[in-house]
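Chemist: input13.pdb is reproduced in full below (PDB, N, CA and C atoms).
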```pdb
ATOM      1  N   MET A  30       1.729   0.021  18.196  1.00  0.00           N
ATOM      2  CA  MET A  30       2.820   0.972  18.210  1.00  0.00           C
ATOM      3  C   MET A  30       2.946   1.565  16.804  1.00  0.00           C
ATOM      4  N   SER A  31       2.983   2.871  16.728  1.00  0.00           N
ATOM      5  CA  SER A  31       3.088   3.545  15.426  1.00  0.00           C
ATOM      6  C   SER A  31       4.521   3.450  14.891  1.00  0.00           C
ATOM      7  N   SER A  32       4.684   3.737  13.620  1.00  0.00           N
ATOM      8  CA  SER A  32       6.024   3.687  13.030  1.00  0.00           C
ATOM      9  C   SER A  32       6.929   4.740  13.664  1.00  0.00           C
ATOM     10  N   SER A  33       6.362   5.868  14.058  1.00  0.00           N
ATOM     11  CA  SER A  33       7.143   6.900  14.733  1.00  0.00           C
ATOM     12  C   SER A  33       7.647   6.395  16.089  1.00  0.00           C
ATOM     13  N   ASP A  34       6.779   5.719  16.830  1.00  0.00           N
ATOM     14  CA  ASP A  34       7.177   5.144  18.118  1.00  0.00           C
ATOM     15  C   ASP A  34       8.270   4.098  17.931  1.00  0.00           C
ATOM     16  N   ARG A  35       8.133   3.277  16.880  1.00  0.00           N
ATOM     17  CA  ARG A  35       9.150   2.257  16.612  1.00  0.00           C
ATOM     18  C   ARG A  35      10.481   2.913  16.252  1.00  0.00           C
ATOM     19  N   SER A  36      10.440   3.990  15.489  1.00  0.00           N
ATOM     20  CA  SER A  36      11.666   4.701  15.116  1.00  0.00           C
ATOM     21  C   SER A  36      12.361   5.271  16.350  1.00  0.00           C
ATOM     22  N   ILE A  37      11.572   5.847  17.228  1.00  0.00           N
ATOM     23  CA  ILE A  37      12.126   6.411  18.459  1.00  0.00           C
ATOM     24  C   ILE A  37      12.729   5.302  19.320  1.00  0.00           C
ATOM     25  N   ALA A  38      12.011   4.195  19.443  1.00  0.00           N
ATOM     26  CA  ALA A  38      12.513   3.077  20.241  1.00  0.00           C
ATOM     27  C   ALA A  38      13.782   2.493  19.634  1.00  0.00           C
ATOM     28  N   LEU A  39      13.838   2.385  18.312  1.00  0.00           N
ATOM     29  CA  LEU A  39      15.013   1.855  17.641  1.00  0.00           C
ATOM     30  C   LEU A  39      16.207   2.775  17.851  1.00  0.00           C
ATOM     31  N   GLU A  40      16.010   4.067  17.714  1.00  0.00           N
ATOM     32  CA  GLU A  40      17.098   5.024  17.924  1.00  0.00           C
ATOM     33  C   GLU A  40      17.587   4.974  19.369  1.00  0.00           C
ATOM     34  N   ARG A  41      16.674   4.874  20.315  1.00  0.00           N
ATOM     35  CA  ARG A  41      17.048   4.778  21.728  1.00  0.00           C
ATOM     36  C   ARG A  41      17.880   3.517  21.964  1.00  0.00           C
ATOM     37  N   GLU A  42      17.475   2.404  21.359  1.00  0.00           N
ATOM     38  CA  GLU A  42      18.217   1.154  21.520  1.00  0.00           C
ATOM     39  C   GLU A  42      19.604   1.256  20.878  1.00  0.00           C
ATOM     40  N   LYS A  43      19.715   1.910  19.747  1.00  0.00           N
ATOM     41  CA  LYS A  43      21.023   2.113  19.112  1.00  0.00           C
ATOM     42  C   LYS A  43      21.944   2.924  20.018  1.00  0.00           C
ATOM     43  N   ARG A  44      21.402   3.978  20.621  1.00  0.00           N
ATOM     44  CA  ARG A  44      22.202   4.808  21.538  1.00  0.00           C
ATOM     45  C   ARG A  44      22.633   3.993  22.753  1.00  0.00           C
ATOM     46  N   ARG A  45      21.714   3.167  23.262  1.00  0.00           N
ATOM     47  CA  ARG A  45      22.035   2.337  24.433  1.00  0.00           C
ATOM     48  C   ARG A  45      23.159   1.365  24.103  1.00  0.00           C
ATOM     49  N   GLN A  46      23.064   0.712  22.955  1.00  0.00           N
ATOM     50  CA  GLN A  46      24.096  -0.242  22.555  1.00  0.00           C
ATOM     51  C   GLN A  46      25.440   0.450  22.331  1.00  0.00           C
ATOM     52  N   ALA A  47      25.417   1.633  21.741  1.00  0.00           N
ATOM     53  CA  ALA A  47      26.655   2.387  21.532  1.00  0.00           C
ATOM     54  C   ALA A  47      27.280   2.765  22.876  1.00  0.00           C
ATOM     55  N   ALA A  48      26.460   3.164  23.825  1.00  0.00           N
ATOM     56  CA  ALA A  48      26.965   3.523  25.149  1.00  0.00           C
ATOM     57  C   ALA A  48      27.579   2.306  25.844  1.00  0.00           C
ATOM     58  N   LEU A  49      26.944   1.155  25.710  1.00  0.00           N
ATOM     59  CA  LEU A  49      27.493  -0.068  26.305  1.00  0.00           C
ATOM     60  C   LEU A  49      28.837  -0.426  25.665  1.00  0.00           C
ATOM     61  N   ALA A  50      28.920  -0.291  24.356  1.00  0.00           N
ATOM     62  CA  ALA A  50      30.181  -0.572  23.663  1.00  0.00           C
ATOM     63  C   ALA A  50      31.271   0.403  24.125  1.00  0.00           C
ATOM     64  N   ASP A  51      30.933   1.679  24.239  1.00  0.00           N
ATOM     65  CA  ASP A  51      31.902   2.677  24.709  1.00  0.00           C
ATOM     66  C   ASP A  51      32.374   2.354  26.126  1.00  0.00           C
ATOM     67  N   ALA A  52      31.439   1.986  26.987  1.00  0.00           N
ATOM     68  CA  ALA A  52      31.796   1.640  28.369  1.00  0.00           C
ATOM     69  C   ALA A  52      32.714   0.426  28.410  1.00  0.00           C
ATOM     70  N   ALA A  53      32.461  -0.554  27.572  1.00  0.00           N
ATOM     71  CA  ALA A  53      33.317  -1.738  27.528  1.00  0.00           C
ATOM     72  C   ALA A  53      34.737  -1.374  27.103  1.00  0.00           C
ATOM     73  N   ILE A  54      34.870  -0.469  26.141  1.00  0.00           N
ATOM     74  CA  ILE A  54      36.196  -0.033  25.685  1.00  0.00           C
ATOM     75  C   ILE A  54      36.927   0.682  26.813  1.00  0.00           C
ATOM     76  N   VAL A  55      36.246   1.594  27.487  1.00  0.00           N
ATOM     77  CA  VAL A  55      36.886   2.330  28.580  1.00  0.00           C
ATOM     78  C   VAL A  55      37.274   1.375  29.708  1.00  0.00           C
ATOM     79  N   ASN A  56      36.401   0.406  30.019  1.00  0.00           N
ATOM     80  CA  ASN A  56      36.729  -0.560  31.067  1.00  0.00           C
ATOM     81  C   ASN A  56      37.939  -1.405  30.692  1.00  0.00           C
ATOM     82  N   ALA A  57      38.069  -1.753  29.421  1.00  0.00           N
ATOM     83  CA  ALA A  57      39.177  -2.592  28.977  1.00  0.00           C
ATOM     84  C   ALA A  57      40.483  -1.814  28.842  1.00  0.00           C
ATOM     85  N   GLU A  58      40.414  -0.591  28.342  1.00  0.00           N
ATOM     86  CA  GLU A  58      41.622   0.171  28.021  1.00  0.00           C
ATOM     87  C   GLU A  58      41.916   1.316  28.974  1.00  0.00           C
ATOM     88  N   GLY A  59      40.928   1.718  29.736  1.00  0.00           N
ATOM     89  CA  GLY A  59      41.096   2.873  30.594  1.00  0.00           C
ATOM     90  C   GLY A  59      40.855   4.151  29.817  1.00  0.00           C
ATOM     91  N   PRO A  60      40.682   5.252  30.518  1.00  0.00           N
ATOM     92  CA  PRO A  60      40.450   6.523  29.841  1.00  0.00           C
ATOM     93  C   PRO A  60      41.675   6.941  29.032  1.00  0.00           C
ATOM     94  N   GLN A  61      41.442   7.575  27.887  1.00  0.00           N
ATOM     95  CA  GLN A  61      42.525   7.927  26.989  1.00  0.00           C
ATOM     96  C   GLN A  61      42.774   9.431  26.909  1.00  0.00           C
ATOM     97  N   ASP A  62      42.073  10.217  27.673  1.00  0.00           N
ATOM     98  CA  ASP A  62      42.268  11.659  27.566  1.00  0.00           C
ATOM     99  C   ASP A  62      42.001  12.330  28.907  1.00  0.00           C
ATOM    100  N   ASP A  63      42.020  13.635  28.898  1.00  0.00           N
ATOM    101  CA  ASP A  63      41.863  14.392  30.134  1.00  0.00           C
ATOM    102  C   ASP A  63      40.459  14.967  30.298  1.00  0.00           C
ATOM    103  N   LEU A  64      39.463  14.350  29.693  1.00  0.00           N
ATOM    104  CA  LEU A  64      38.096  14.845  29.781  1.00  0.00           C
ATOM    105  C   LEU A  64      37.283  14.154  30.875  1.00  0.00           C
ATOM    106  N   ASP A  65      37.926  13.375  31.721  1.00  0.00           N
ATOM    107  CA  ASP A  65      37.197  12.623  32.743  1.00  0.00           C
ATOM    108  C   ASP A  65      36.339  13.513  33.636  1.00  0.00           C
ATOM    109  N   SER A  66      36.862  14.655  34.048  1.00  0.00           N
ATOM    110  CA  SER A  66      36.091  15.528  34.933  1.00  0.00           C
ATOM    111  C   SER A  66      34.857  16.078  34.223  1.00  0.00           C
ATOM    112  N   LEU A  67      34.975  16.398  32.933  1.00  0.00           N
ATOM    113  CA  LEU A  67      33.829  16.870  32.166  1.00  0.00           C
ATOM    114  C   LEU A  67      32.786  15.760  32.025  1.00  0.00           C
ATOM    115  N   VAL A  68      33.229  14.564  31.724  1.00  0.00           N
ATOM    116  CA  VAL A  68      32.309  13.435  31.594  1.00  0.00           C
ATOM    117  C   VAL A  68      31.612  13.167  32.926  1.00  0.00           C
ATOM    118  N   GLU A  69      32.345  13.192  33.996  1.00  0.00           N
ATOM    119  CA  GLU A  69      31.763  12.958  35.327  1.00  0.00           C
ATOM    120  C   GLU A  69      30.695  14.009  35.637  1.00  0.00           C
ATOM    121  N   TRP A  70      30.997  15.284  35.389  1.00  0.00           N
ATOM    122  CA  TRP A  70      30.029  16.345  35.636  1.00  0.00           C
ATOM    123  C   TRP A  70      28.796  16.148  34.767  1.00  0.00           C
ATOM    124  N   THR A  71      28.987  15.871  33.479  1.00  0.00           N
ATOM    125  CA  THR A  71      27.879  15.698  32.545  1.00  0.00           C
ATOM    126  C   THR A  71      26.987  14.544  32.966  1.00  0.00           C
ATOM    127  N   ALA A  72      27.590  13.447  33.406  1.00  0.00           N
ATOM    128  CA  ALA A  72      26.821  12.270  33.808  1.00  0.00           C
ATOM    129  C   ALA A  72      25.905  12.580  34.986  1.00  0.00           C
ATOM    130  N   HIS A  73      26.313  13.489  35.837  1.00  0.00           N
ATOM    131  CA  HIS A  73      25.516  13.808  37.031  1.00  0.00           C
ATOM    132  C   HIS A  73      24.577  15.001  36.836  1.00  0.00           C
ATOM    133  N   HIS A  74      24.693  15.710  35.720  1.00  0.00           N
ATOM    134  CA  HIS A  74      23.892  16.922  35.531  1.00  0.00           C
ATOM    135  C   HIS A  74      23.023  16.915  34.279  1.00  0.00           C
ATOM    136  N   THR A  75      22.900  15.787  33.627  1.00  0.00           N
ATOM    137  CA  THR A  75      22.068  15.701  32.445  1.00  0.00           C
ATOM    138  C   THR A  75      21.120  14.522  32.559  1.00  0.00           C
ATOM    139  N   SER A  76      20.108  14.529  31.706  1.00  0.00           N
ATOM    140  CA  SER A  76      19.122  13.454  31.672  1.00  0.00           C
ATOM    141  C   SER A  76      19.069  12.894  30.256  1.00  0.00           C
ATOM    142  N   SER A  77      18.917  11.583  30.128  1.00  0.00           N
ATOM    143  CA  SER A  77      18.857  10.980  28.805  1.00  0.00           C
ATOM    144  C   SER A  77      17.429  10.624  28.404  1.00  0.00           C
ATOM    145  N   GLU A  78      16.452  11.067  29.195  1.00  0.00           N
ATOM    146  CA  GLU A  78      15.061  10.780  28.889  1.00  0.00           C
ATOM    147  C   GLU A  78      14.568  11.674  27.746  1.00  0.00           C
ATOM    148  N   ASP A  79      13.689  11.113  26.913  1.00  0.00           N
ATOM    149  CA  ASP A  79      13.132  11.900  25.799  1.00  0.00           C
ATOM    150  C   ASP A  79      12.085  12.868  26.265  1.00  0.00           C
TER
END
```
As C-alpha cells, how would this structure be written, given the file I've shared?
Modeler:
Amino acid sequence: MSSSDRSIALEREKRRQAALADAAIVNAEGPQDDLDSLVEWTAHHTSSED
C-alpha cells in the first residue's frame, strides 16, 4: 500500500469515526435544530464513495 493510499484510508477512517460520534450524540440528545428534512434528503441522494 502506497503512502497516498494510507493517507486516503486514514482520512476515510477519521470521517467514519466522526460520523459515528455525531450519530451517538444525536441518539443520546435528539436533534437540536430544524435541518432534519435536509439531512434526510442528503442521506438518500448522495454517495460517500471516493
Chemist: Here is a test: counting only C-alpha atoms, which residue of A:Ala57, A:Glu78, A:Ala52, A:Val68 is nearest to Ala38 in chain A?
Modeler: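 Of all the options, A:Glu78 lies closest to Ala38 in chain A.
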Chemist: Taking all atoms of range 31-46 of chain A that the file lists and extending 5 Å past them on each side, where is the centre of the axis-aligned box and how long are its edges? Answer in Å to one decimal, as AutoDock Vina command-line options.
Modeler:
```
--center_x 14.2 --center_y 3.3 --center_z 18.7 --size_x 32.5 --size_y 17.1 --size_z 21.4
```
Chemist: For Arg44 in chain A, which of A:Ala72, A:Ser32, A:Ser77, A:Leu64 is the closest residue, counting only C-alpha atoms?
Modeler: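 For Arg44 in chain A, the nearest of the candidates is A:Ser77.
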Chemist: So what do you get for atom N of Asp62 in chain A versus atom N of Ala47 in chain A, distance-wise?
Modeler: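 These two atoms are separated by 19.7 Å.
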Chemist: For a test of reading the model, state the distance in Å between CA of Ser76 in chain A and CA of Ala50 in chain A, rounded to one decimal.
Modeler: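 Taking CA of Ser76 in chain A and CA of Ala50 in chain A, their separation equals 19.6 Å.
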Chemist: Atom N of Ser36 in chain A to atom C of Ile54 in chain A: how many Å, to one decimal?
Modeler: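 Atom N of Ser36 in chain A sits 29.0 Å away from atom C of Ile54 in chain A.
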Chemist: Kindly complete range 46-57 of chain A to all heavy atoms; the output should be written as a compact mmCIF listing (two decimals), in the frame of the given file.
Modeler:
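Result file result_4.txt:
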```txt
# COMPACT_ATOMS: atom_id res chain seq x y z
N GLN A 46 23.06 0.71 22.96
CA GLN A 46 24.10 -0.24 22.56
C GLN A 46 25.44 0.45 22.33
O GLN A 46 26.49 -0.08 22.70
CB GLN A 46 23.66 -1.00 21.31
CG GLN A 46 22.56 -1.99 21.59
CD GLN A 46 22.11 -2.75 20.35
OE1 GLN A 46 22.67 -2.59 19.27
NE2 GLN A 46 21.08 -3.57 20.50
N ALA A 47 25.42 1.63 21.74
CA ALA A 47 26.66 2.39 21.53
C ALA A 47 27.28 2.76 22.88
O ALA A 47 28.51 2.68 23.05
CB ALA A 47 26.39 3.63 20.70
N ALA A 48 26.46 3.16 23.82
CA ALA A 48 26.96 3.52 25.15
C ALA A 48 27.58 2.31 25.84
O ALA A 48 28.63 2.42 26.49
CB ALA A 48 25.85 4.12 26.00
N LEU A 49 26.94 1.16 25.71
CA LEU A 49 27.49 -0.07 26.30
C LEU A 49 28.84 -0.43 25.66
O LEU A 49 29.77 -0.83 26.36
CB LEU A 49 26.51 -1.23 26.15
CG LEU A 49 25.25 -1.16 27.02
CD1 LEU A 49 24.28 -2.28 26.65
CD2 LEU A 49 25.60 -1.21 28.49
N ALA A 50 28.92 -0.29 24.36
CA ALA A 50 30.18 -0.57 23.66
C ALA A 50 31.27 0.40 24.12
O ALA A 50 32.42 -0.01 24.37
CB ALA A 50 29.98 -0.50 22.15
N ASP A 51 30.93 1.68 24.24
CA ASP A 51 31.90 2.68 24.71
C ASP A 51 32.37 2.35 26.13
O ASP A 51 33.57 2.45 26.43
CB ASP A 51 31.29 4.08 24.68
CG ASP A 51 31.09 4.61 23.28
OD1 ASP A 51 31.63 4.01 22.31
OD2 ASP A 51 30.38 5.62 23.15
N ALA A 52 31.44 1.99 26.99
CA ALA A 52 31.80 1.64 28.37
C ALA A 52 32.71 0.43 28.41
O ALA A 52 33.66 0.39 29.20
CB ALA A 52 30.53 1.38 29.18
N ALA A 53 32.46 -0.55 27.57
CA ALA A 53 33.32 -1.74 27.53
C ALA A 53 34.74 -1.37 27.10
O ALA A 53 35.72 -1.89 27.66
CB ALA A 53 32.72 -2.78 26.58
N ILE A 54 34.87 -0.47 26.14
CA ILE A 54 36.20 -0.03 25.68
C ILE A 54 36.93 0.68 26.81
O ILE A 54 38.11 0.41 27.08
CB ILE A 54 36.08 0.87 24.44
CG1 ILE A 54 35.61 0.05 23.25
CG2 ILE A 54 37.41 1.56 24.15
CD1 ILE A 54 35.19 0.88 22.06
N VAL A 55 36.25 1.59 27.49
CA VAL A 55 36.89 2.33 28.58
C VAL A 55 37.27 1.38 29.71
O VAL A 55 38.35 1.49 30.29
CB VAL A 55 35.97 3.46 29.10
CG1 VAL A 55 36.53 4.07 30.38
CG2 VAL A 55 35.82 4.53 28.03
N ASN A 56 36.40 0.41 30.02
CA ASN A 56 36.73 -0.56 31.07
C ASN A 56 37.94 -1.40 30.69
O ASN A 56 38.75 -1.74 31.54
CB ASN A 56 35.53 -1.47 31.36
CG ASN A 56 34.48 -0.77 32.18
OD1 ASN A 56 34.77 0.14 32.93
ND2 ASN A 56 33.25 -1.21 32.05
N ALA A 57 38.07 -1.75 29.42
CA ALA A 57 39.18 -2.59 28.98
C ALA A 57 40.48 -1.81 28.84
O ALA A 57 41.55 -2.32 29.19
CB ALA A 57 38.83 -3.25 27.64
```
